[in-house]
Structure formats: C-alpha cells, structure tokens
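Participant: Data file my_file.txt (compact mmCIF, C-alpha atoms and all ligand atoms) is appended below.
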```txt
# COMPACT_ATOMS: atom_id res chain seq x y z
CA MET E 1 32.60 -71.02 46.76
CA GLN E 2 29.01 -70.67 45.57
CA ASN E 3 26.68 -68.82 47.89
CA ASN E 4 23.71 -66.48 48.06
CA PHE E 5 25.85 -63.42 47.68
CA LEU E 6 27.61 -64.49 44.49
CA GLN E 7 26.37 -64.41 40.92
CA ILE E 8 28.76 -65.87 38.36
CA HIS E 9 28.20 -65.19 34.67
CA PRO E 10 27.68 -68.52 32.82
CA ARG E 11 30.67 -67.91 30.54
CA VAL E 12 32.91 -67.34 33.56
CA ALA E 13 31.44 -70.28 35.49
CA GLN E 14 32.09 -72.59 32.54
CA ALA E 15 35.68 -71.40 32.13
CA LEU E 16 36.37 -71.87 35.85
CA GLN E 17 34.84 -75.35 35.83
CA GLN E 18 37.00 -76.35 32.85
CA GLY E 19 40.15 -74.90 34.41
CA LYS E 20 40.47 -72.31 31.64
CA PRO E 21 42.22 -68.98 32.20
CA VAL E 22 40.03 -66.22 33.66
CA VAL E 23 41.08 -62.61 34.30
CA ALA E 24 39.26 -60.45 36.85
CA LEU E 25 38.66 -56.72 36.23
CA GLU E 26 37.52 -54.03 38.67
CA SER E 27 34.60 -51.63 38.36
CA THR E 28 35.71 -48.62 40.43
CA ILE E 29 37.87 -47.62 37.49
CA ILE E 30 34.66 -47.58 35.39
CA SER E 31 32.40 -45.69 37.82
CA HIS E 32 34.93 -43.47 39.59
CA GLY E 33 38.17 -43.59 37.63
CA MET E 34 37.20 -42.37 34.15
CA PRO E 35 34.46 -40.21 32.58
CA TYR E 36 31.58 -41.52 30.47
CA PRO E 37 31.63 -42.73 27.67
CA LYS E 38 35.38 -43.44 27.58
CA ASN E 39 35.02 -45.56 30.72
CA VAL E 40 32.53 -47.91 29.05
CA GLU E 41 34.45 -48.04 25.76
CA THR E 42 37.61 -48.89 27.67
CA ALA E 43 35.98 -51.54 29.85
CA LEU E 44 34.57 -53.28 26.76
CA ALA E 45 37.83 -52.98 24.82
CA VAL E 46 39.78 -54.44 27.75
CA GLU E 47 37.42 -57.45 27.88
CA GLU E 48 37.92 -57.95 24.13
CA ILE E 49 41.73 -57.84 24.46
CA ILE E 50 41.59 -60.50 27.17
CA LEU E 51 39.46 -62.73 24.94
CA GLN E 52 41.82 -62.23 22.00
CA ASN E 53 44.71 -63.33 24.18
CA GLY E 54 43.04 -66.58 25.13
CA ALA E 55 41.44 -65.85 28.51
CA ILE E 56 37.90 -65.13 29.72
CA PRO E 57 37.31 -61.66 31.22
CA ALA E 58 35.30 -61.28 34.42
CA THR E 59 34.45 -57.71 35.36
CA ILE E 60 33.39 -57.67 39.01
CA ALA E 61 30.80 -55.38 40.62
CA ILE E 62 27.94 -55.47 43.13
CA ILE E 63 24.44 -55.34 41.63
CA ASN E 64 21.43 -55.22 43.94
CA GLY E 65 23.62 -56.61 46.68
CA LYS E 66 24.94 -59.55 44.60
CA CYS E 67 28.67 -59.86 44.06
CA CYS E 68 28.69 -60.35 40.29
CA VAL E 69 31.61 -62.03 38.58
CA GLY E 70 31.30 -61.25 34.87
CA LEU E 71 29.03 -58.47 33.65
CA SER E 72 26.95 -58.06 30.48
CA LYS E 73 27.59 -55.13 28.14
CA ASP E 74 24.43 -53.45 29.46
CA GLU E 75 25.62 -53.82 33.04
CA ILE E 76 28.99 -52.29 32.18
CA GLU E 77 27.13 -49.42 30.49
CA THR E 78 25.09 -48.91 33.67
CA PHE E 79 28.20 -48.74 35.84
CA GLY E 80 29.72 -46.25 33.44
CA LYS E 81 26.66 -43.97 33.31
CA GLU E 82 25.01 -44.19 36.71
CA LYS E 83 25.98 -41.40 39.11
CA ASN E 84 25.06 -42.94 42.45
CA VAL E 85 27.19 -46.03 42.44
CA TRP E 86 29.06 -46.72 45.68
CA LYS E 87 32.81 -47.00 45.60
CA VAL E 88 33.18 -50.25 47.50
CA SER E 89 36.34 -51.25 49.28
CA LEU E 90 36.33 -54.07 51.85
CA ARG E 91 34.98 -51.81 54.56
CA ASP E 92 31.88 -50.95 52.54
CA MET E 93 31.09 -54.45 51.25
CA PRO E 94 28.78 -55.73 54.01
CA TYR E 95 26.77 -52.50 53.98
CA VAL E 96 26.28 -52.39 50.20
CA VAL E 97 25.50 -56.12 49.99
CA SER E 98 23.02 -56.14 52.88
CA LYS E 99 21.27 -53.01 51.62
CA LYS E 100 21.11 -54.53 48.12
CA LEU E 101 22.77 -51.52 46.52
CA PHE E 102 24.95 -51.04 43.45
CA GLY E 103 28.66 -50.96 44.14
CA ALA E 104 31.75 -50.47 42.02
CA THR E 105 34.51 -52.58 43.56
CA THR E 106 38.05 -51.31 44.21
CA VAL E 107 41.16 -53.43 43.81
CA ALA E 108 40.73 -54.77 47.36
CA ALA E 109 37.06 -55.73 47.02
CA THR E 110 37.52 -57.08 43.49
CA MET E 111 40.40 -59.29 44.60
CA ARG E 112 38.38 -60.68 47.48
CA ILE E 113 35.41 -61.56 45.26
CA ALA E 114 37.73 -63.00 42.58
CA SER E 115 39.36 -65.25 45.17
CA MET E 116 35.95 -66.49 46.35
CA VAL E 117 35.44 -68.08 42.92
CA GLY E 118 39.05 -69.16 42.33
CA ILE E 119 40.25 -66.50 39.88
CA LYS E 120 44.02 -66.02 40.24
CA ILE E 121 44.84 -63.09 37.93
CA PHE E 122 43.45 -59.57 38.11
CA VAL E 123 44.16 -56.67 35.77
CA THR E 124 43.78 -52.99 36.57
CA GLY E 125 45.37 -49.61 35.83
CA GLY E 126 46.77 -48.53 39.17
CA ILE E 127 46.43 -49.83 42.71
CA GLY E 128 45.83 -47.73 45.79
CA GLY E 129 48.80 -47.29 48.10
CA VAL E 130 50.41 -45.12 50.75
CA HIS E 131 49.39 -41.52 50.12
CA ARG E 132 51.77 -38.59 50.29
CA GLY E 133 51.56 -37.25 53.81
CA ALA E 134 50.37 -40.60 55.18
CA ALA E 135 52.64 -40.11 58.19
CA THR E 136 50.02 -37.66 59.48
CA THR E 137 46.81 -38.62 57.61
CA MET E 138 47.29 -42.42 57.93
CA ASP E 139 45.78 -42.65 54.44
CA ILE E 140 46.91 -46.07 53.27
CA SER E 141 44.71 -47.95 50.83
CA ALA E 142 43.07 -51.21 51.89
CA ASP E 143 44.35 -52.51 48.55
CA LEU E 144 47.71 -53.12 50.24
CA THR E 145 46.45 -55.03 53.26
CA GLU E 146 44.20 -57.08 50.98
CA MET E 147 47.19 -57.92 48.80
CA ALA E 148 48.93 -59.23 51.91
CA GLN E 149 46.37 -61.97 52.40
CA THR E 150 44.48 -62.85 49.23
CA ASN E 151 45.91 -65.18 46.59
CA VAL E 152 45.18 -63.13 43.48
CA ALA E 153 48.00 -61.58 41.44
CA VAL E 154 47.51 -57.95 40.40
CA VAL E 155 48.76 -56.56 37.09
CA SER E 156 49.05 -52.75 37.14
CA ALA E 157 51.20 -50.02 35.60
CA GLY E 158 53.09 -49.48 38.83
CA ILE E 159 52.41 -46.96 41.56
CA LYS E 160 50.87 -43.68 40.56
CA SER E 161 52.84 -40.66 41.66
CA ILE E 162 49.75 -39.19 43.38
CA LEU E 163 50.91 -41.67 46.03
CA ASP E 164 54.24 -41.87 47.84
CA ILE E 165 55.99 -44.46 45.68
CA GLY E 166 58.85 -45.05 48.11
CA LEU E 167 56.60 -45.54 51.13
CA THR E 168 54.29 -47.81 49.15
CA LEU E 169 57.22 -50.02 48.13
CA GLU E 170 58.35 -50.15 51.78
CA TYR E 171 54.85 -51.10 52.90
CA LEU E 172 54.60 -53.82 50.23
CA GLU E 173 57.90 -55.22 51.51
CA THR E 174 56.67 -55.18 55.11
CA LEU E 175 53.55 -57.07 54.07
CA GLY E 176 55.57 -59.69 52.19
CA ILE E 177 54.15 -58.82 48.78
CA PRO E 178 56.58 -59.49 45.92
CA VAL E 179 56.86 -56.60 43.45
CA VAL E 180 57.84 -57.74 39.97
CA THR E 181 58.42 -55.37 37.07
CA TYR E 182 57.94 -56.78 33.61
CA ASN E 183 61.00 -56.61 31.44
CA GLN E 184 62.87 -53.63 32.92
CA LYS E 185 64.97 -52.59 35.91
CA THR E 186 63.20 -49.38 36.85
CA PHE E 187 59.94 -49.50 38.75
CA PRO E 188 57.26 -47.73 36.64
CA SER E 189 55.01 -44.94 37.93
CA PHE E 190 51.78 -45.30 35.92
CA TYR E 191 51.90 -42.26 33.57
CA SER E 192 55.63 -42.74 33.21
CA ASN E 193 57.52 -45.97 32.61
CA GLU E 194 60.15 -44.77 35.03
CA SER E 195 60.46 -43.59 38.63
CA ASN E 196 63.31 -42.92 41.03
CA TYR E 197 63.13 -46.52 42.22
CA ILE E 198 64.77 -49.71 41.02
CA THR E 199 62.30 -52.58 40.93
CA PRO E 200 62.70 -55.10 43.76
CA LEU E 201 62.30 -57.98 41.24
CA GLN E 202 62.30 -58.32 37.47
CA LEU E 203 60.87 -61.07 35.25
CA ASN E 204 60.81 -61.05 31.47
CA THR E 205 58.13 -63.46 30.27
CA PRO E 206 54.53 -64.33 31.21
CA GLN E 207 55.74 -67.92 31.74
CA GLU E 208 58.30 -66.85 34.35
CA ILE E 209 55.68 -64.77 36.13
CA ALA E 210 53.17 -67.64 36.12
CA ALA E 211 55.83 -69.98 37.49
CA MET E 212 56.61 -67.57 40.31
CA LEU E 213 52.92 -67.31 41.24
CA GLN E 214 52.56 -71.09 41.29
CA THR E 215 55.67 -71.36 43.44
CA LYS E 216 54.57 -68.68 45.89
CA TRP E 217 51.25 -70.33 46.55
CA ALA E 218 52.71 -73.86 46.54
CA LEU E 219 55.04 -72.68 49.32
CA GLY E 220 51.98 -71.71 51.33
CA LEU E 221 52.88 -68.03 51.11
CA ASN E 222 49.49 -66.38 51.00
CA GLY E 223 48.85 -63.06 49.35
CA SER E 224 49.25 -61.30 46.07
CA VAL E 225 52.12 -60.50 43.75
CA MET E 226 52.26 -57.01 42.35
CA ILE E 227 53.14 -57.20 38.67
CA ALA E 228 54.15 -53.78 37.34
CA ASN E 229 53.85 -53.38 33.58
CA PRO E 230 55.44 -50.16 32.28
CA ILE E 231 53.26 -47.91 30.12
CA PRO E 232 54.23 -48.07 26.39
CA LYS E 233 56.73 -45.29 25.60
CA GLU E 234 54.50 -43.57 23.05
CA TYR E 235 51.83 -42.87 25.69
CA GLU E 236 54.13 -41.72 28.48
CA MET E 237 53.62 -38.28 30.02
CA PRO E 238 56.62 -36.16 31.05
CA ALA E 239 57.20 -36.64 34.78
CA ASN E 240 57.59 -32.90 35.56
CA ILE E 241 54.22 -32.09 33.92
CA VAL E 242 52.48 -34.88 35.83
CA GLU E 243 54.10 -33.68 39.06
CA SER E 244 52.90 -30.10 38.63
CA HIS E 245 49.32 -31.31 38.07
CA ILE E 246 49.54 -33.59 41.09
CA GLN E 247 50.73 -30.72 43.27
CA LYS E 248 47.75 -28.61 42.18
CA ALA E 249 45.34 -31.52 42.62
CA LEU E 250 46.59 -32.15 46.16
CA GLN E 251 46.25 -28.46 47.03
CA ALA E 252 42.70 -28.40 45.64
CA ALA E 253 41.84 -31.53 47.64
CA THR E 254 43.10 -29.93 50.85
CA LYS E 255 41.25 -26.71 50.14
CA LYS E 256 37.98 -28.55 49.48
CA ASN E 257 38.56 -30.73 52.53
CA ILE E 258 38.37 -33.95 50.50
CA LYS E 259 39.00 -36.91 52.79
CA GLY E 260 38.92 -40.71 53.02
CA LYS E 261 37.62 -42.68 50.06
CA ASP E 262 36.97 -39.53 48.02
CA VAL E 263 40.66 -38.57 47.81
CA THR E 264 41.73 -40.93 45.01
CA PRO E 265 38.73 -40.27 42.68
CA PHE E 266 39.04 -36.50 43.26
CA ILE E 267 42.72 -36.41 42.31
CA LEU E 268 42.24 -38.67 39.28
CA GLN E 269 39.42 -36.46 38.00
CA TYR E 270 41.32 -33.26 38.64
CA ILE E 271 44.34 -34.46 36.70
CA ALA E 272 42.22 -35.74 33.78
CA GLN E 273 40.41 -32.38 33.56
CA HIS E 274 43.57 -30.31 33.75
CA THR E 275 45.62 -32.24 31.19
CA GLY E 276 43.05 -31.82 28.44
CA GLY E 277 42.41 -35.55 28.40
CA GLU E 278 46.06 -36.50 27.82
CA SER E 279 46.21 -38.35 31.13
CA LEU E 280 42.98 -40.14 30.25
CA GLU E 281 44.47 -41.38 26.96
CA ALA E 282 47.55 -42.58 28.83
CA ASN E 283 45.31 -44.30 31.38
CA ILE E 284 43.35 -46.07 28.63
CA ALA E 285 46.50 -47.16 26.79
CA LEU E 286 48.14 -48.59 29.89
CA ILE E 287 45.15 -50.59 31.02
CA LYS E 288 44.83 -52.17 27.58
CA HIS E 289 48.52 -52.97 27.72
CA ASN E 290 48.02 -54.54 31.16
CA ALA E 291 45.11 -56.61 29.86
CA THR E 292 47.36 -58.16 27.21
CA LEU E 293 50.01 -59.12 29.77
CA GLY E 294 47.44 -60.30 32.34
CA ALA E 295 45.74 -62.59 29.83
CA LYS E 296 49.09 -64.08 28.79
CA ILE E 297 50.01 -64.72 32.43
CA ALA E 298 46.60 -66.33 33.05
CA VAL E 299 47.09 -68.60 30.01
CA ALA E 300 50.60 -69.57 31.16
CA PHE E 301 49.32 -70.16 34.69
CA CYS E 302 46.73 -72.68 33.45
CA ASN E 303 49.16 -74.65 31.25
N1 LIG Z 401 44.21 -45.68 40.81
C1 LIG Z 401 43.93 -45.38 39.52
N2 LIG Z 401 42.66 -45.53 39.07
C2 LIG Z 401 41.67 -45.99 39.88
C3 LIG Z 401 41.99 -46.33 41.23
C4 LIG Z 401 43.26 -46.14 41.65
O1 LIG Z 401 44.79 -44.97 38.78
O2 LIG Z 401 40.52 -46.10 39.43
C5 LIG Z 401 40.93 -46.89 42.10
C6 LIG Z 401 41.09 -48.43 42.24
O3 LIG Z 401 39.81 -49.00 42.27
C7 LIG Z 401 41.76 -48.59 43.58
C8 LIG Z 401 41.11 -47.46 44.35
O4 LIG Z 401 41.54 -49.83 44.18
O5 LIG Z 401 41.05 -46.38 43.43
C9 LIG Z 401 41.89 -47.08 45.58
O6 LIG Z 401 41.11 -46.23 46.35
P1 LIG Z 401 41.60 -45.88 47.83
O7 LIG Z 401 42.84 -45.09 47.64
O8 LIG Z 401 40.45 -45.08 48.39
O9 LIG Z 401 41.81 -47.19 48.52
MN MN Z 402 42.37 -43.83 51.41
```
Represent the structure from my file as structure tokens, please.
Facilitator:
Amino acid sequence: MQNNFLQIHPRVAQALQQGKPVVALESTIISHGMPYPKNVETALAVEEIILQNGAIPATIAIINGKCCVGLSKDEIETFGKEKNVWKVSLRDMPYVVSKKLFGATTVAATMRIASMVGIKIFVTGGIGGVHRGAATTMDISADLTEMAQTNVAVVSAGIKSILDIGLTLEYLETLGIPVVTYNQKTFPSFYSNESNYITPLQLNTPQEIAAMLQTKWALGLNGSVMIANPIPKEYEMPANIVESHIQKALQAATKKNIKGKDVTPFILQYIAQHTGGESLEANIALIKHNATLGAKIAVAFCN
C-alpha cells in the first residue's frame, strides 16, 4: 500500500519490489528503551547485522507525521538524542500523524506499518505483554492484540519478567498466537534464557520457522507468530538478581504513580540504572542475537 502517510526508503522499496528479504525494526526501543548513545550505536549495529545476514533492515518511525519505513543514520541519531519523541502505540498513531509530530513506534505500531508495505518479519528485544497485577490494573499491552490480527512475525528474546510471563502466555494462547522457542524446550525470559515455563512450541532452524509462517498465512490464519530466541548464555543475568531489581522498580513506579504508557519505559530505565549497565549490555547482546535469527528467517521465507 502506497499512500500519503507512508514514506518508504528507496533501498527498502527496491528490496520489496524485487521480493528480497526485509526485516522491520522498531524505534521505541531507541527513544524510550535505551540511553543515548548506546541506543544509536545498537540501532546501527543491528541494521548492519541484518545486512550481513542477507536481508535489508527497515527501522520504522513517524517523522513529521509520515510513517517512515527505513531511516537514514541521521534520522536514527535524531530518535536516539531527541527528548520529546512520542512513544506511539496504535492508540496514539492518528494523533501523532495528523499533528505531524515525531513518534517512536512500539511493537504494535511498527508491526502495523510494516504490514502496510508487505514486510513479514520484525525483530525487537522484548514485546509488551500482560503486566503483573493486570487483574486489577488491566494493563495489557496493545502489542498482544496487534499480534492477534497482523501478519508480521515477531522475533524477541521471550517475555521480560517485568511482566507476568504465565498470564502473557495464556493471553497469547487465547488470541491464537503461536509461540515458538528457537532450539530449546524452556521458554526464555529476556535477561535469562530460562523461565518457569515450557515453551508451547519448539523449532530448530530458520527454515522450519519460515515454513511454519508460510503455512499459517496460507491457511488463512491471520496474525503474528511469536518467535522467542534465548539470550546467549554469556550475557545472561541471574534470575534472582533481576527479580530483586524488578521488585524495587515496581515499588518505585507505584510510589511515583507511574501509569499507562509510561510504565514500561520507567521500569526499563530503573533496572538499567540500578544494575550498573549490566542489564543494558544484556539488552544490546540479545537484540543483536535476534537480528541474526530474524534475518535468517527472512531469507528462508523469501526462498
Ligand atoms: N520491552 C523491552 N524494551 C522495550 C519495550 C518493551 O524490553 O523497548 C517497548 C516496545 O516498544 C514495546 C513497548 O512494544 O515497550 C510496550 O509498551 P507498552 O507496555 O506500553 O505497550
Ligand atoms: Mn500498558
């Protein structure tokens, strides 16, 4: 779909026209998920990894109200540095586009824009999900409902334990979203390659994953597939340390009355600050690792 609201980078447009593999990337992780300058360095490194693995990267963001698919290095720098960038989920999209603002897109908004141009594979660090305490707060990310309807596969490092992993897996099941862990039985939890949950499904090669995606959509089953790629062992953080930081972060969020869309960025920042950057290094390592797998799946999908 080409329209007034879309702006596709020539390199991405050419790849799509030629049926070459393209991998979408989000921008909330740049503007709201990591501090400057590591955010920009990581975003550029992730694009490079995708290129090296045979696919074209397309970082997605809203610039002056245009939904941009593929950013220049300068634009990525701007999203990393600029303080007043909107965090845009689906709810915020019409406002930010009509007001011609800058917006960093979440998993949900990035998927929707990717699907508008026919991109099938999207790589990120962690998706939003069902928050702890959601039974009373009703805080459930729009990432999940978007994954129920949009045909873009999402590669992540599993569900972060700031969320309720069990409830998120239940919700994904309710919505009919397949959850596939790459090459292991345990479902990974972002900073850790383990969790207390067995993965619903396991596949062991990019080719198998690509075949499952093609089958899902050929069956007319709309929606995403969650592909969970465990963090490499050498970057893992001990689960009990992560848990104690999460507990403190959640308490601080309650005390400061952080609500709605500010919850996830607040907790991520709190944990990064209080682990002396260790969680940031883990975050960077896992997203690079996801980029490698995502590019390989995109290549297999196009063959
Ligand atoms: N989890 C992370 N890093 C992130 C996010 C989640 O480890 O940067 C971002 C993603 O953009 C995700 C969004 O789509 O937070 C979810 O926000 P919310 O919970 O408000 O839907
Ligand atoms: Mn929320």
Participant: Output as AutoDock Vina command-line options the centre and edge lengths (Å, one decimal) of the box along x, y and z of the file that holds every listed atom of segment 199-216 of chain E after adding 5 Å on each side.
Facilitator:
```
--center_x 57.6 --center_y -62.0 --center_z 38.1 --size_x 20.1 --size_y 28.8 --size_z 25.6
```
Participant: Taking all atoms listed in the file into account, which residues have an atom no farther than 10 Å from ligand LIG 401 (chain Z)? I'd like them as a PyMOL selection string.
Facilitator: chain E and resi 25-34+87-90+104-111+124-131+139-144+156-163+190-191+259-265+267-269+280+283+287
Participant: Pick the closest to Glu47 of chain E from E:Ala239, E:Leu71, E:Ile8, E:Cys302: which is it, counting all atoms listed in the file?
Facilitator: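 The closest residue to Glu47 of chain E is E:Leu71.
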Participant: Quick one, how far is atom CA of Glu146 of chain E from atom CA of Gly166 of chain E?
Facilitator: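 Computing it gives 19.2 Å between the two atoms.
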Participant: Measuring between all atoms listed in the file, which one of E:Ala43, E:Leu213, E:Val69, E:Leu203 shows the shortest distance to Ala298 of chain E?
Facilitator: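 For Ala298 of chain E, the nearest of the given residues is E:Leu213.
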